[in-house]
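Structure file data.cif (mmCIF, C-alpha atoms) follows.
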```cif
data_coords
#
loop_
_atom_site.label_atom_id
_atom_site.label_comp_id
_atom_site.auth_asym_id
_atom_site.auth_seq_id
_atom_site.Cartn_x
_atom_site.Cartn_y
_atom_site.Cartn_z
CA MET A 51 -27.48 8.66 47.20
CA TRP A 52 -26.79 5.87 44.70
CA ARG A 53 -28.54 7.83 41.96
CA ARG A 54 -26.30 10.82 42.57
CA ILE A 55 -23.18 8.61 42.55
CA LEU A 56 -24.34 6.97 39.31
CA ALA A 57 -25.06 10.37 37.73
CA VAL A 58 -21.57 11.64 38.60
CA LEU A 59 -20.02 8.41 37.33
CA ILE A 60 -21.84 8.64 33.99
CA ALA A 61 -20.93 12.31 33.58
CA ARG A 62 -17.28 11.62 34.38
CA ASN A 63 -17.13 8.75 31.90
CA ARG A 64 -18.69 10.88 29.19
CA GLU A 65 -16.07 13.55 29.78
CA PHE A 66 -13.31 10.91 29.62
CA TYR A 67 -14.52 9.32 26.39
CA ARG A 68 -14.95 12.71 24.72
CA ASP A 69 -11.22 13.23 25.22
CA ARG A 70 -10.19 11.01 22.33
CA ALA A 71 -6.49 11.75 22.71
CA GLY A 72 -6.48 10.72 26.39
CA LEU A 73 -8.57 7.65 25.59
CA GLY A 74 -6.15 6.65 22.86
CA TRP A 75 -3.13 6.92 25.14
CA ASN A 76 -4.81 4.81 27.85
CA ILE A 77 -5.79 2.11 25.34
CA PHE A 78 -2.51 1.85 23.48
CA MET A 79 -0.18 2.31 26.45
CA PRO A 80 -0.51 -1.34 27.67
CA ILE A 81 0.08 -2.55 24.10
CA LEU A 82 3.25 -0.46 23.83
CA MET A 83 4.48 -1.78 27.19
CA VAL A 84 4.02 -5.41 26.11
CA LEU A 85 5.84 -4.74 22.84
CA GLY A 86 8.61 -2.99 24.78
CA PHE A 87 9.14 -5.99 27.06
CA ALA A 88 9.25 -8.29 24.04
CA PHE A 89 11.82 -6.04 22.33
CA ILE A 90 14.08 -5.79 25.38
CA PHE A 91 14.07 -9.48 26.26
CA SER A 92 14.58 -10.72 22.71
CA GLY A 93 18.27 -11.16 23.52
CA ASP A 94 19.97 -14.01 25.31
CA PRO A 95 18.15 -15.81 28.15
CA GLN A 96 18.98 -14.38 31.57
CA ASP A 97 19.69 -17.77 33.23
CA GLN A 98 22.63 -18.75 31.02
CA PHE A 99 26.23 -18.78 32.18
CA LYS A 100 27.73 -15.34 31.66
CA VAL A 101 31.39 -15.25 30.61
CA GLY A 102 33.31 -12.06 29.91
CA VAL A 103 35.72 -12.01 26.96
CA LEU A 104 38.45 -9.36 26.91
CA SER A 105 39.09 -7.77 23.51
CA THR A 106 40.59 -4.58 22.16
CA ASP A 107 37.63 -3.52 19.98
CA GLY A 108 34.66 -4.76 22.03
CA SER A 109 33.89 -7.76 19.81
CA LEU A 110 34.23 -11.51 20.12
CA PRO A 111 37.01 -13.32 18.23
CA ARG A 112 35.94 -14.22 14.71
CA ALA A 113 37.41 -17.70 14.80
CA ALA A 114 35.34 -18.75 17.80
CA GLY A 115 36.07 -22.37 18.54
CA GLY A 116 36.39 -24.67 21.52
CA PHE A 117 35.02 -23.05 24.67
CA LEU A 118 33.75 -19.99 22.78
CA ALA A 119 31.63 -22.27 20.60
CA LEU A 120 29.71 -23.81 23.50
CA GLU A 121 25.96 -23.25 23.60
CA TYR A 122 23.94 -21.94 26.55
CA ILE A 123 26.71 -19.55 27.52
CA THR A 124 26.38 -15.80 27.07
CA PHE A 125 29.74 -14.33 26.04
CA VAL A 126 30.04 -10.63 26.85
CA PRO A 127 32.83 -8.72 25.04
CA LEU A 128 34.65 -6.30 27.36
CA THR A 129 37.48 -3.85 26.79
CA ASP A 130 38.32 -2.70 30.34
CA PRO A 131 40.16 -5.46 32.29
CA GLY A 132 39.77 -3.68 35.63
CA ALA A 133 36.01 -3.25 35.32
CA ALA A 134 35.69 -6.83 34.05
CA MET A 135 37.57 -8.27 37.03
CA THR A 136 35.36 -6.22 39.34
CA LYS A 137 32.32 -7.94 37.81
CA VAL A 138 33.88 -11.34 38.48
CA ASP A 139 34.75 -10.31 42.02
CA ARG A 140 31.10 -9.34 42.65
CA HIS A 141 29.64 -12.46 40.97
CA GLN A 142 28.20 -10.45 38.07
CA LEU A 143 30.28 -12.56 35.67
CA ASP A 144 30.77 -16.30 36.13
CA LEU A 145 34.13 -16.29 34.39
CA LEU A 146 36.46 -13.89 32.58
CA ILE A 147 38.82 -15.03 29.83
CA ASP A 148 41.45 -13.27 27.77
CA PRO A 149 41.82 -15.11 24.42
CA ARG A 150 44.58 -12.70 23.34
CA THR A 151 47.14 -14.33 25.64
CA ASP A 152 49.03 -17.56 24.95
CA PRO A 153 48.28 -19.61 26.91
CA LEU A 154 44.78 -18.29 27.56
CA THR A 155 44.34 -16.49 30.91
CA TYR A 156 41.11 -16.62 32.86
CA TRP A 157 39.75 -15.26 36.14
CA VAL A 158 37.32 -17.09 38.43
CA ASN A 159 35.82 -16.27 41.81
CA LEU A 160 36.53 -19.05 44.29
CA LYS A 161 33.28 -18.25 46.15
CA SER A 162 31.04 -18.51 43.07
CA PRO A 163 29.29 -21.86 42.42
CA ARG A 164 28.49 -20.84 38.85
CA GLY A 165 32.10 -19.79 38.37
CA TYR A 166 33.24 -23.24 39.50
CA LEU A 167 31.01 -24.92 36.88
CA ALA A 168 32.08 -22.48 34.17
CA GLU A 169 35.72 -23.21 34.96
CA ARG A 170 35.04 -26.95 34.60
CA LEU A 171 33.56 -26.31 31.17
CA LEU A 172 36.56 -24.20 30.17
CA LEU A 173 39.09 -26.84 31.26
CA GLY A 174 37.04 -29.72 29.88
CA THR A 175 37.43 -31.77 33.06
CA PRO A 176 34.96 -34.41 34.24
CA PRO A 177 33.07 -33.64 37.47
CA GLY A 178 35.24 -35.97 39.59
CA ALA A 179 38.61 -34.76 38.31
CA ALA A 180 40.82 -32.28 40.13
CA VAL A 181 41.37 -28.86 38.62
CA THR A 182 45.11 -28.50 38.08
CA PRO A 183 45.67 -25.52 35.79
CA GLY A 184 49.22 -24.58 34.81
CA ALA A 185 50.41 -28.17 34.27
CA ASP A 186 51.84 -27.32 30.87
CA VAL A 187 52.09 -24.37 28.48
CA THR A 188 48.84 -25.20 26.71
CA THR A 189 46.71 -25.16 29.88
CA PRO A 190 44.89 -21.88 30.60
CA GLN A 191 46.50 -19.74 33.27
CA ARG A 192 44.27 -19.35 36.32
CA ARG A 193 43.74 -16.10 38.25
CA THR A 194 41.49 -16.16 41.31
CA LEU A 195 39.29 -13.62 43.08
CA THR A 196 37.46 -13.98 46.38
CA GLY A 197 35.02 -11.08 46.55
CA ALA A 198 31.58 -11.42 48.13
CA PRO A 199 28.55 -11.09 45.86
CA VAL A 200 26.60 -7.85 45.57
CA SER A 201 23.04 -8.66 46.62
CA TYR A 202 20.13 -7.76 44.40
CA ALA A 203 18.89 -5.29 47.02
CA ASP A 204 22.27 -3.51 46.97
CA TRP A 205 22.31 -3.45 43.17
CA VAL A 206 18.71 -2.33 42.65
CA MET A 207 18.58 0.39 45.33
CA PRO A 208 20.21 3.15 43.20
CA GLY A 209 17.69 2.34 40.45
CA ILE A 210 14.76 2.60 42.86
CA LEU A 211 15.95 6.01 44.05
CA ALA A 212 16.28 7.15 40.42
CA MET A 213 12.84 5.75 39.55
CA ASN A 214 11.22 7.60 42.46
CA LEU A 215 12.98 10.77 41.36
CA MET A 216 11.77 10.33 37.76
CA PHE A 217 8.10 9.91 38.66
CA SER A 218 8.20 12.83 41.10
CA SER A 219 9.87 15.06 38.54
CA LEU A 220 7.66 14.26 35.55
CA TRP A 221 4.26 14.22 37.24
CA GLY A 222 5.10 16.95 39.74
CA VAL A 223 5.38 19.66 37.07
CA GLY A 224 3.36 18.04 34.27
CA TRP A 225 0.07 17.93 36.13
CA VAL A 226 0.59 21.26 37.92
CA ILE A 227 1.17 23.27 34.74
CA VAL A 228 -1.75 21.62 32.93
CA ARG A 229 -4.05 22.27 35.89
CA TYR A 230 -2.89 25.91 36.00
CA ARG A 231 -3.79 26.28 32.33
CA LYS A 232 -7.15 24.53 32.76
CA ASN A 233 -8.11 26.67 35.78
CA GLY A 234 -7.10 29.96 34.14
CA VAL A 235 -4.12 30.66 36.41
CA LEU A 236 -1.72 30.94 33.47
CA ARG A 237 -4.05 33.34 31.69
CA ARG A 238 -3.82 35.74 34.64
CA LEU A 239 -0.04 35.34 34.80
CA LYS A 240 0.13 36.27 31.11
CA ALA A 241 -0.82 39.84 32.05
CA THR A 242 2.32 40.17 34.19
CA PRO A 243 5.86 40.95 32.92
CA LEU A 244 6.79 37.32 33.64
CA SER A 245 8.36 35.55 30.65
CA PRO A 246 7.79 31.84 29.92
CA PHE A 247 11.45 31.03 30.63
CA GLU A 248 11.33 32.81 33.99
CA PHE A 249 8.09 31.10 34.98
CA LEU A 250 9.34 27.64 33.99
CA SER A 251 12.71 28.21 35.69
CA ALA A 252 10.90 29.03 38.92
CA GLN A 253 8.84 25.84 38.54
CA VAL A 254 12.03 23.80 38.01
CA LEU A 255 13.76 25.19 41.11
CA SER A 256 10.64 24.82 43.25
CA ARG A 257 10.14 21.21 42.19
CA LEU A 258 13.86 20.46 42.58
CA LEU A 259 13.69 21.23 46.31
CA VAL A 260 10.68 18.93 46.74
CA VAL A 261 12.18 16.08 44.70
CA MET A 262 15.56 16.18 46.44
CA SER A 263 13.91 16.29 49.88
CA ALA A 264 11.69 13.31 49.02
CA THR A 265 14.67 11.38 47.64
CA ALA A 266 16.64 12.02 50.83
CA VAL A 267 13.74 10.70 52.94
CA VAL A 268 13.45 7.57 50.75
CA TYR A 269 17.23 7.03 50.94
CA LEU A 270 17.36 7.30 54.73
CA GLY A 271 14.30 5.06 55.20
CA ALA A 272 15.60 2.39 52.83
CA ASP A 273 19.05 2.48 54.42
CA LEU A 274 17.49 2.02 57.84
CA VAL A 275 15.58 -1.07 56.68
CA LEU A 276 17.97 -2.66 54.16
CA GLY A 277 21.38 -1.35 55.18
CA PHE A 278 22.69 -1.16 51.59
CA PRO A 279 26.33 -0.11 50.97
CA MET A 280 27.43 3.42 50.23
CA ARG A 281 31.10 3.24 49.21
CA GLY A 282 31.40 6.51 47.31
CA SER A 283 31.10 10.22 47.93
CA TYR A 284 27.87 11.75 49.24
CA PRO A 285 28.52 15.08 47.46
CA ALA A 286 28.88 13.13 44.20
CA LEU A 287 25.59 11.34 44.84
CA VAL A 288 23.77 14.60 45.60
CA LEU A 289 25.26 16.19 42.48
CA VAL A 290 24.17 13.30 40.27
CA PHE A 291 20.61 13.23 41.61
CA ALA A 292 20.31 17.02 41.37
CA ALA A 293 21.42 16.98 37.72
CA GLY A 294 19.08 14.08 36.99
CA ALA A 295 16.16 15.85 38.68
CA LEU A 296 16.79 19.03 36.68
CA CYS A 297 16.85 17.02 33.46
CA LEU A 298 13.65 15.08 34.17
CA ILE A 299 11.74 18.10 35.49
CA SER A 300 12.62 20.00 32.31
CA LEU A 301 11.45 17.01 30.26
CA GLY A 302 8.11 17.11 32.09
CA LEU A 303 7.77 20.81 31.27
CA ILE A 304 7.98 20.01 27.56
CA VAL A 305 4.95 17.73 27.93
CA ALA A 306 3.01 20.38 29.86
CA ALA A 307 3.94 23.26 27.56
CA ARG A 308 0.66 23.21 25.59
CA LEU A 309 -1.66 20.51 26.92
CA ARG A 310 -5.05 21.42 28.37
CA THR A 311 -6.29 18.17 30.01
CA GLU A 312 -4.78 16.01 32.75
CA GLU A 313 -5.86 12.82 30.96
CA LEU A 314 -3.78 13.58 27.89
CA ALA A 315 -0.85 14.70 30.04
CA ASP A 316 -1.05 11.46 32.03
CA GLY A 317 -1.00 9.37 28.84
CA ILE A 318 1.98 11.18 27.34
CA LEU A 319 3.91 11.08 30.62
CA ASN A 320 3.30 7.33 30.80
CA LEU A 321 4.46 6.98 27.21
CA ILE A 322 7.71 8.73 28.15
CA SER A 323 8.35 7.28 31.60
CA TRP A 324 7.80 3.57 30.98
CA PRO A 325 10.26 3.24 28.07
CA LEU A 326 12.78 5.19 30.15
CA LEU A 327 12.14 2.85 33.06
CA LEU A 328 12.45 -0.34 31.01
CA LEU A 329 15.55 0.75 29.11
CA SER A 330 17.52 2.21 32.00
CA GLY A 331 18.37 -1.00 33.87
CA VAL A 332 16.49 -0.05 37.03
CA TRP A 333 15.20 -3.56 37.79
CA PHE A 334 17.48 -5.74 35.63
CA SER A 335 20.82 -5.54 33.85
CA MET A 336 20.72 -4.61 30.17
CA GLU A 337 23.69 -6.88 29.38
CA GLY A 338 21.38 -9.75 28.40
CA ALA A 339 19.03 -7.55 26.36
CA SER A 340 18.94 -7.32 22.57
CA PRO A 341 21.59 -5.12 20.86
CA GLY A 342 18.94 -2.61 19.77
CA ALA A 343 17.66 -2.26 23.32
CA ARG A 344 21.19 -1.73 24.65
CA LEU A 345 21.77 0.99 22.06
CA LEU A 346 18.53 2.80 22.93
CA SER A 347 19.39 2.46 26.61
CA GLN A 348 22.44 4.68 26.20
CA LEU A 349 20.20 7.47 24.82
CA SER A 350 18.07 7.57 27.99
CA PRO A 351 18.87 10.24 30.61
CA LEU A 352 17.63 7.85 33.29
CA THR A 353 20.33 5.37 32.22
CA GLN A 354 23.02 7.97 32.86
CA LEU A 355 21.51 8.71 36.26
CA VAL A 356 21.22 5.05 37.30
CA ASP A 357 24.71 4.11 36.06
CA ALA A 358 26.33 7.05 37.83
CA ALA A 359 24.45 6.34 41.08
CA ARG A 360 25.50 2.67 40.99
CA ARG A 361 29.13 3.55 40.40
CA ILE A 362 29.04 5.86 43.42
CA MET A 363 27.16 3.59 45.81
CA ILE A 364 28.63 0.22 44.76
CA ASP A 365 31.99 0.98 43.12
CA GLY A 366 32.98 3.92 45.33
CA ALA A 367 33.23 6.57 42.60
CA GLY A 368 33.73 10.25 43.42
CA VAL A 369 32.78 13.53 41.79
CA VAL A 370 35.48 13.33 39.11
CA GLU A 371 34.45 9.84 37.98
CA VAL A 372 30.78 10.80 37.47
CA LEU A 373 31.43 14.28 36.11
CA PRO A 374 30.72 13.24 32.46
CA GLU A 375 27.21 12.03 33.42
CA VAL A 376 26.58 15.17 35.48
CA LEU A 377 27.58 17.46 32.62
CA LEU A 378 25.48 15.49 30.13
CA LEU A 379 22.39 15.61 32.37
CA ALA A 380 22.90 19.34 33.00
CA ALA A 381 23.23 20.02 29.26
CA LEU A 382 20.06 18.02 28.57
CA ALA A 383 18.26 19.95 31.31
CA LEU A 384 19.19 23.28 29.74
CA GLY A 385 18.14 22.06 26.29
CA PHE A 386 14.81 20.67 27.54
CA LEU A 387 14.05 23.85 29.49
CA SER A 388 14.80 26.05 26.47
CA LEU A 389 12.56 23.89 24.26
CA ALA A 390 9.77 24.00 26.85
CA ALA A 391 9.98 27.80 27.03
CA TRP A 392 9.81 28.01 23.23
CA LEU A 393 6.77 25.71 23.05
CA PHE A 394 5.02 27.20 26.08
CA ARG A 395 1.59 28.83 25.74
CA TRP A 396 -0.21 30.67 28.51
CA ASP A 397 -3.68 29.64 27.32
#
```

Write out the structure in this file as structure tokens.
Amino acid sequence: MWRRILAVLIARNREFYRDRAGLGWNIFMPILMVLGFAFIFSGDPQDQFKVGVLSTDGSLPRAAGGFLALEYITFVPLTDPGAAMTKVDRHQLDLLIDPRTDPLTYWVNLKSPRGYLAERLLLGTPPGAAVTPGADVTTPQRRTLTGAPVSYADWVMPGILAMNLMFSSLWGVGWVIVRYRKNGVLRRLKATPLSPFEFLSAQVLSRLLVVMSATAVVYLGADLVLGFPMRGSYPALVLVFAAGALCLISLGLIVAARLRTEELADGILNLISWPLLLLSGVWFSMEGASPGARLLSQLSPLTQLVDAARRIMIDGAGVVEVLPEVLLLAALALGFLSLAAWLFRWD
């Protein structure tokens, strides 16, 4: 028995090492992941105080002095006052200041310990002194919020749902199409009047039903265990996940359009999925990442999916508010599907 197992093991390894492309992907993939982590986290440390700064052009004041010159504080330029105050209310920002006003206006959450310390730094008061803002015209004007913090489980849950959808979409069609080609199924389908676009469209719709059903099961199970909030519209959430699934399934079809081995398909799918996962803010906020990583993040379809899902589930957005992301994902899906049909080969 052991000889037979050893013979199969040796034969399988020989087959794997003959596939140089698949071997290369599996060797260099961990290296690329390490380099990706280093690139993303080359920005500000995540444990610093985080203070929002309102501005009209999304940049910090040039003549940064006083409080804005303090070290070990991450200053985040923001242009939308409403969204910025929401971050303070949910403890995502320790403090929010508006340097454009005279005297300076700031917002702090009375239930945030880090906000209390950041306010002390802003006012320059010793630990034992009372905070008495508004004593004269030069003292910053205080605005208070009292919102409860959004837990990490509440914040990360939309990203987990999107991550599950991404893996199911990419591998669900990528491996199936490659296996069809390897087993000769596509060669037999070539003799039928079926066009590549029709065949791939059927694959997209078939996989869409499976992915959406699996996502619904994961959502209901996680809600039963964690009880995370759902403040927005369920039709909006379904629409966002459906558009995201269409986009990612079509992206997987591009990978499977010509490949002949599952090993190579697995390597390329990993090369695509892990950068998308790291740059989309599934597990951590991209606000503390390097500027280059934040720019690349906006080019990821998974980022659009995660951001739209979080705005629905946490901020209470409806269909109209997430319509730009839905239209963008749908347009990308159509473009990816057309490219896959153009690249597709039956054998």

Carefully work through the PyMOL selection byres ((chain A and resi 130) around 10) for this structure and note down the residues it includes, as a PyMOL selection string. chain A and resi 104-106+108+127-129+131-135

Distance atom CA of Leu255 of chain A-atom CA of Leu296 of chain A, one decimal place?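 Those two atoms sit 8.2 Å apart.
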
Which residues are near Leu379 of chain A? Cut-off 9 Å, only C-alpha atoms, ignore same chain within fewer than 3 positions. Put them as a ChimeraX atom specification. /A:290,293-298,351,354-355,374-376,382-384

Taking the file as shown, what set of residues would the PyMOL selection byres ((chain A and resi 332) around 7) give back, as a tab-separated table (two decimals) with C-alpha atoms, in the frame of the given file?
```
chain	number	residue	atom	x	y	z
A	206	VAL	CA	18.71	-2.33	42.65
A	209	GLY	CA	17.69	2.34	40.45
A	210	ILE	CA	14.76	2.60	42.86
A	327	LEU	CA	12.14	2.85	33.06
A	330	SER	CA	17.52	2.21	32.00
A	331	GLY	CA	18.37	-1.00	33.87
A	333	TRP	CA	15.20	-3.56	37.79
A	334	PHE	CA	17.48	-5.74	35.63
A	356	VAL	CA	21.22	5.05	37.30
```

Matched chain/residue IDs from the PyMOL selection byres ((chain A and resi 307) around 10), as a list in words: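 In the shown coordinates, the PyMOL selection byres ((chain A and resi 307) around 10) covers Gly224, Ile227, Val228, Arg231, Pro246, Leu250, Gly302, Leu303, Ile304, Val305, Ala306, Arg308, Leu309, Arg310, Leu389, Ala390, Ala391, Trp392, Leu393, Phe394, Arg395, Trp396 and Asp397 of chain A.
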
Which is closest to Met363 of chain A among A:Trp205, A:Phe99, A:Trp221, A:Phe386, if we use only C-alpha atoms?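 Residue with the minimum atom-to-atom distance to Met363 of chain A: A:Trp205.
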
Rank A:Leu236, A:Val268, A:Val370, A:Val226 by their smallest atom-to-atom distance to Gln253 of chain A, using all atoms listed in the file, and report the top residue only. A:Val226

Take atom CA of Leu244 of chain A and atom CA of Gly385 of chain A and report the distance between them in Å, one decimal.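 Separation of atom CA of Leu244 of chain A and atom CA of Gly385 of chain A: 20.4 Å.
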
Could you tell me which of A:Tyr166, A:Trp225, A:Tyr156, A:Phe125 comes closest to Ile318 of chain A if we count all atoms listed in the file?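 With all atoms listed in the file as the atom set, the closest residue is A:Trp225.
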
Report, in Å with one decimal, the straight-line distance from atom CA of Gly368 of chain A to atom CA of Ser283 of chain A. 5.2 Å

Residues at most 9 Å from Ser347 of chain A, counting all atoms listed in the file, excluding those fewer than 3 positions away in the same chain, as a list in words?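 Neighbouring residues, sequence-local ones excluded: Leu326, Leu328, Leu329, Ser330, Gly331, Met336, Gly342, Ala343, Arg344, Ser350, Pro351, Leu352 and Thr353 of chain A.
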